[in-house]
Structure formats: structure tokens, C-alpha cells
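The structure under discussion appears below in the form of C-alpha cells.
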Amino acid sequence: MAPIERVSKFAPDRSSGLLPDAEAREHPIENVVRRHHADQVVKRADRGAQVRRGRRHVHAAAPRRVERFDFGEGALQRVAVACPRHHRLDIAQRYRADFVITHLFGRSPSVSIKELKRIGYPLKKVVGMVWGASEADIEAAGGFAATKGYNAMQFAGVGTDYPVLNEIREMYKKQGKEAPKEMVNTVLYNRGVLIAAVHVEAVRNALKAKAGGAITGADVKAGFEKIKGFTLGGLVPPLEITVNDHEGGGWVQIFTVKGGKFVKATEWDKAYGDVLAKHIKAAK
């Protein structure tokens, strides 16, 4: 498989008025900085290509060397996305991307969802990474009815039907209390349960390993590294934390907006750990 170049492929849409005299060209892209009305691809230290979008003008410097990566099948492009005030998004109308993976945080996930839908890009071809994947992001984008098809990556289970959540509700019920209103926002609440449960399990392992209970930070660290096959009835992926892998395997699921809620679209899966490990080792 031929290596994929880390480039931005400009195929000008002459009808839009952008780059009216330009031919198709390739420019290395290093980073994207957004400030006020401009999207800017920052010039690299070696004076590589620079692209700025401000006041409806695009300027491109001559290309320099291009860094090459072998991603296997398909082409992966990293592109600058126009602000909402611009009347189109490059990823949909210039690049005509087959799929879009968004890595956004805060209010930007909902803005991207609304803009992609506005210009006709199908949300079923969009995957939002974990920080653009909560009920709050969907509500801010117009609600579940308006975002049908949007795919969200999750590292904890979504929804209310998990044994540990039933136990929490039952605990409050026995105390004569209502369940916390925060439980309605299942994405973020369930992540909190995941984080708390993993810490409790680590402490439990540490206490088992040390008679008398006078545990230290090092004991708890060792307790984390003994966690294996810990799932909380499906709320948590099959975590296995080791000395060399504190991530626990890198497990995720995809949930899709469907029928007014998040619906599980995949089982737990993980990325190419062997490929990542190879490059991490080479960088040491």
C-alpha cells in the first residue's frame, strides 16, 4: 500500500469565487489556529506552506517537503474548517469527504454538527470523538430529532440500564431520596461512575495485598495494575491495566443518535495498539 502524504488537497470550486485563478495543488498542513474571523494554517519552522482565510481571501505559499505516513487503506486528510459565518465548509463542498472525524471540545461540537447539517453533509458519516459525544452536545446542536444519524465515540457505557446504576438508584430509594438529577445526563454521569469504580477497585486490590490496611500511593498504583476483566456489567469495557498500559486497552464503543436517544452501534473495540506501541517504542 502506497504511503499517504500528510497534505491538504485543494481542488478549487470556481463557482464559489474561492481561488478563481488557481490550479489543483497540494500543501503541507502543520496546525490550525482560529482567531476571530480568520482560520489560519500556521507556517512551519522550515517555512512550509501557509494558508490563511480572512475576509474571504485564501493565500497559499509554495509547498515544501511533505511528511509521509503509511495509514494502510484510504486517504486521511487534516483540514481547516471554515467559521459558521463563511457560507460553506471545505470538508463537505471542497474536499467532499467520505467520512468526517471531529475532535472537538466545549461548544464547538454542537456548532460543527449544526453546520455540517446546514450545508447538507450526512450526519451518519460523522463520528465525534469522546468530548463531542454527550447528551449536552446533542441538545446544544438542536436536540436528538435534529441530529439523527450522528455517531459518538464513548469510553463508558451510555444509557440507564446497567446493574451498577440500578444499585445506585436503589440506594437512594432506601434512603427516601430521589436519584440525582445528574443521572439523566448518562454519558457524563456514567463516565464518573467508571472513574470512581476503577479507583475503588485499585484501593481494594491494594488492601488485599497488604495486611493491616496501611496502604501507600505505591500500593494503590500496584492495585491499579492488577485490574483485569473489570466491566461493571457492561458499563465499563473489559479493562486490563498493566505496568506498561495504564490506559486499560484503549477500548471504545460507537453510539448513534436514533429514535430520540443514543443507541449502541458497536461492541467494545480498540485501535491498533501494536502499531502505536511500535512508534512509542521507537520514539524513546
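Naming scheme: A, B, ... for chains in displayed order of the C-alpha cells; residues 1 onward per chain; ligands 1 onward as shown.
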Write out as a PyMOL selection string each polymer residue whose atoms come within 10 Å of stretch 114-130 of chain A, counting only C-alpha atoms; drop sequence neighbours fewer than 3 positions from it.
-> chain A and resi 82-85+87-89+91-93+96-105+108-111+133-134+138+140-142+146-156+187+252-257
So which residues touch stretch 273-281 of chain A within 10 Å, counting only C-alpha atoms, skipping near sequence neighbours fewer than 4 positions away, as an NGL selection string?
-> :A and (245 or 249-250)
Writer output for current selection, N, CA and C atoms, as a compact mmCIF listing (two decimals), in the first residue's frame:
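Once written, out-v2.txt looks like this:
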```txt
# COMPACT_ATOMS: atom_id res chain seq x y z
N ASP A 245 0.67 -0.47 30.49
CA ASP A 245 -0.54 0.09 29.86
C ASP A 245 -1.50 0.57 30.95
N GLY A 249 -6.24 -0.66 27.75
CA GLY A 249 -6.55 -1.32 26.49
C GLY A 249 -7.02 -0.40 25.39
N GLY A 250 -7.47 0.81 25.75
CA GLY A 250 -7.93 1.76 24.73
C GLY A 250 -9.27 1.40 24.12
```
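Distance check against A:Val184 using only C-alpha atoms: of A:Leu165, A:Ile113, A:Val243, A:Val236, the minimum falls on A:Leu165.
From atom CA of A:Gly260 back to atom CA of A:Gly143, the distance works out to 8.2 Å.
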Contacts of stretch 167-180 of chain A at 12 Å (only C-alpha atoms; same-chain gap of 3+ positions) as a ChimeraX atom specification = /A:160-164,183-186,189-190,193,232-233
Selection above as a file: N, CA and C atoms, as a CSV table (one decimal), in the first residue's frame:
```
chain,number,residue,atom,x,y,z
A,160,THR,N,-29.2,4.1,30.8
A,160,THR,CA,-29.5,3.9,32.3
A,160,THR,C,-29.6,2.4,32.7
A,161,ASP,N,-29.5,1.5,31.7
A,161,ASP,CA,-29.8,0.1,32.0
A,161,ASP,C,-28.5,-0.7,32.3
A,162,TYR,N,-27.9,-0.4,33.4
A,162,TYR,CA,-26.7,-1.1,33.9
A,162,TYR,C,-26.9,-1.5,35.3
A,163,PRO,N,-26.4,-2.7,35.8
A,163,PRO,CA,-26.6,-3.1,37.1
A,163,PRO,C,-26.1,-2.1,38.2
A,164,VAL,N,-25.0,-1.5,38.0
A,164,VAL,CA,-24.4,-0.6,38.9
A,164,VAL,C,-25.3,0.6,39.1
A,183,MET,N,-28.1,12.0,36.8
A,183,MET,CA,-28.1,10.7,36.2
A,183,MET,C,-28.8,10.7,34.8
A,184,VAL,N,-29.6,11.7,34.6
A,184,VAL,CA,-30.2,11.9,33.3
A,184,VAL,C,-29.2,12.1,32.2
A,185,ASN,N,-28.2,12.8,32.5
A,185,ASN,CA,-27.1,13.0,31.5
A,185,ASN,C,-26.1,11.8,31.6
A,186,THR,N,-26.6,10.7,30.9
A,186,THR,CA,-25.9,9.4,31.2
A,186,THR,C,-24.5,9.4,30.7
A,189,TYR,N,-22.4,11.2,33.5
A,189,TYR,CA,-22.6,10.5,34.8
A,189,TYR,C,-21.9,9.2,34.7
A,190,ASN,N,-22.1,8.4,33.7
A,190,ASN,CA,-21.6,7.1,33.6
A,190,ASN,C,-20.1,7.1,33.6
A,193,VAL,N,-19.0,7.4,37.1
A,193,VAL,CA,-19.1,6.1,37.8
A,193,VAL,C,-17.9,5.2,37.4
A,232,LEU,N,-18.1,-4.0,35.3
A,232,LEU,CA,-19.3,-3.4,35.9
A,232,LEU,C,-20.6,-3.7,35.1
A,233,GLY,N,-20.7,-4.9,34.7
A,233,GLY,CA,-21.9,-5.4,34.0
A,233,GLY,C,-22.1,-4.7,32.6
```
Among stretch 111-262 of chain A, which residues carry a DSSP assignment of strand (DSSP E or B), reported as JSON, numbers by chain?
-> {"A": [126, 127, 128, 151, 152, 153, 154, 228, 229, 230, 239, 240, 251, 252, 253, 254, 255, 256, 257, 258, 261, 262]}
With N, CA and C atoms kept, could you save the residues just selected as a JSON list (two decimals), in the first residue's frame?
```
[["chain", "number", "residue", "atom", "x", "y", "z"],
["A", 126, "VAL", "N", -20.53, 11.16, 10.10],
["A", 126, "VAL", "CA", -19.73, 11.94, 11.04],
["A", 126, "VAL", "C", -19.55, 11.13, 12.32],
["A", 127, "VAL", "N", -18.32, 11.08, 12.81],
["A", 127, "VAL", "CA", -18.02, 10.44, 14.09],
["A", 127, "VAL", "C", -17.37, 11.48, 14.99],
["A", 128, "GLY", "N", -18.04, 11.79, 16.11],
["A", 128, "GLY", "CA", -17.48, 12.72, 17.08],
["A", 128, "GLY", "C", -16.69, 11.95, 18.13],
["A", 151, "ASN", "N", -22.82, 10.01, 14.97],
["A", 151, "ASN", "CA", -22.14, 8.93, 15.69],
["A", 151, "ASN", "C", -21.19, 9.50, 16.73],
["A", 152, "ALA", "N", -21.22, 8.92, 17.92],
["A", 152, "ALA", "CA", -20.40, 9.42, 19.01],
["A", 152, "ALA", "C", -19.56, 8.30, 19.61],
["A", 153, "MET", "N", -18.28, 8.58, 19.80],
["A", 153, "MET", "CA", -17.37, 7.61, 20.40],
["A", 153, "MET", "C", -17.45, 7.71, 21.92],
["A", 154, "GLN", "N", -17.52, 6.58, 22.61],
["A", 154, "GLN", "CA", -17.67, 6.56, 24.06],
["A", 154, "GLN", "C", -16.67, 5.61, 24.69],
["A", 228, "LYS", "N", -8.13, -6.43, 35.94],
["A", 228, "LYS", "CA", -8.25, -7.23, 34.72],
["A", 228, "LYS", "C", -9.66, -7.77, 34.60],
["A", 229, "GLY", "N", -10.26, -7.61, 33.41],
["A", 229, "GLY", "CA", -11.62, -8.11, 33.18],
["A", 229, "GLY", "C", -12.67, -7.43, 34.02],
["A", 230, "PHE", "N", -12.46, -6.17, 34.36],
["A", 230, "PHE", "CA", -13.37, -5.40, 35.22],
["A", 230, "PHE", "C", -14.36, -4.66, 34.33],
["A", 239, "LEU", "N", -11.52, -3.83, 30.99],
["A", 239, "LEU", "CA", -10.25, -3.18, 31.28],
["A", 239, "LEU", "C", -9.20, -4.17, 31.75],
["A", 240, "GLU", "N", -7.99, -3.96, 31.30],
["A", 240, "GLU", "CA", -6.83, -4.68, 31.81],
["A", 240, "GLU", "C", -5.69, -3.68, 31.93],
["A", 251, "TRP", "N", -10.19, 0.88, 24.93],
["A", 251, "TRP", "CA", -11.49, 0.41, 24.42],
["A", 251, "TRP", "C", -12.47, 1.55, 24.21],
["A", 252, "VAL", "N", -13.25, 1.46, 23.14],
["A", 252, "VAL", "CA", -14.33, 2.42, 22.88],
["A", 252, "VAL", "C", -15.52, 1.71, 22.24],
["A", 253, "GLN", "N", -16.67, 2.36, 22.32],
["A", 253, "GLN", "CA", -17.87, 1.95, 21.58],
["A", 253, "GLN", "C", -18.37, 3.13, 20.77],
["A", 254, "ILE", "N", -19.13, 2.85, 19.73],
["A", 254, "ILE", "CA", -19.80, 3.91, 18.97],
["A", 254, "ILE", "C", -21.29, 3.84, 19.27],
["A", 255, "PHE", "N", -21.86, 4.98, 19.63],
["A", 255, "PHE", "CA", -23.30, 5.11, 19.81],
["A", 255, "PHE", "C", -23.82, 6.09, 18.75],
["A", 256, "THR", "N", -25.01, 5.79, 18.22],
["A", 256, "THR", "CA", -25.61, 6.59, 17.16],
["A", 256, "THR", "C", -26.90, 7.24, 17.65],
["A", 257, "VAL", "N", -27.12, 8.49, 17.24],
["A", 257, "VAL", "CA", -28.36, 9.17, 17.57],
["A", 257, "VAL", "C", -29.48, 8.55, 16.73],
["A", 258, "LYS", "N", -30.44, 7.95, 17.42],
["A", 258, "LYS", "CA", -31.52, 7.25, 16.72],
["A", 258, "LYS", "C", -32.72, 7.14, 17.65],
["A", 261, "LYS", "N", -32.55, 9.13, 21.09],
["A", 261, "LYS", "CA", -31.57, 8.78, 22.13],
["A", 261, "LYS", "C", -30.31, 8.23, 21.47],
["A", 262, "PHE", "N", -29.31, 7.97, 22.31],
["A", 262, "PHE", "CA", -28.11, 7.28, 21.84],
["A", 262, "PHE", "C", -28.38, 5.78, 21.83]]
```
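For the atom pair formed by atom CA of A:Arg191 and atom CA of A:Glu135, the distance is 12.8 Å, given to one decimal.
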Rank A:Ile195, A:Ile215, A:Val158, A:Ala202 by their smallest atom-to-atom distance to A:Ala265, using only C-alpha atoms, and report the top residue only.
-> A:Val158
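Remark: for A:Ala209, the closest of the candidate residues A:Ala222, A:Val263, A:Ala197, A:Leu188 is A:Ala222 (distances computed over only C-alpha atoms).
The interatomic distance for the pair atom CA of A:Lys284 and atom CA of A:Asp219 works out to 27.1 Å.
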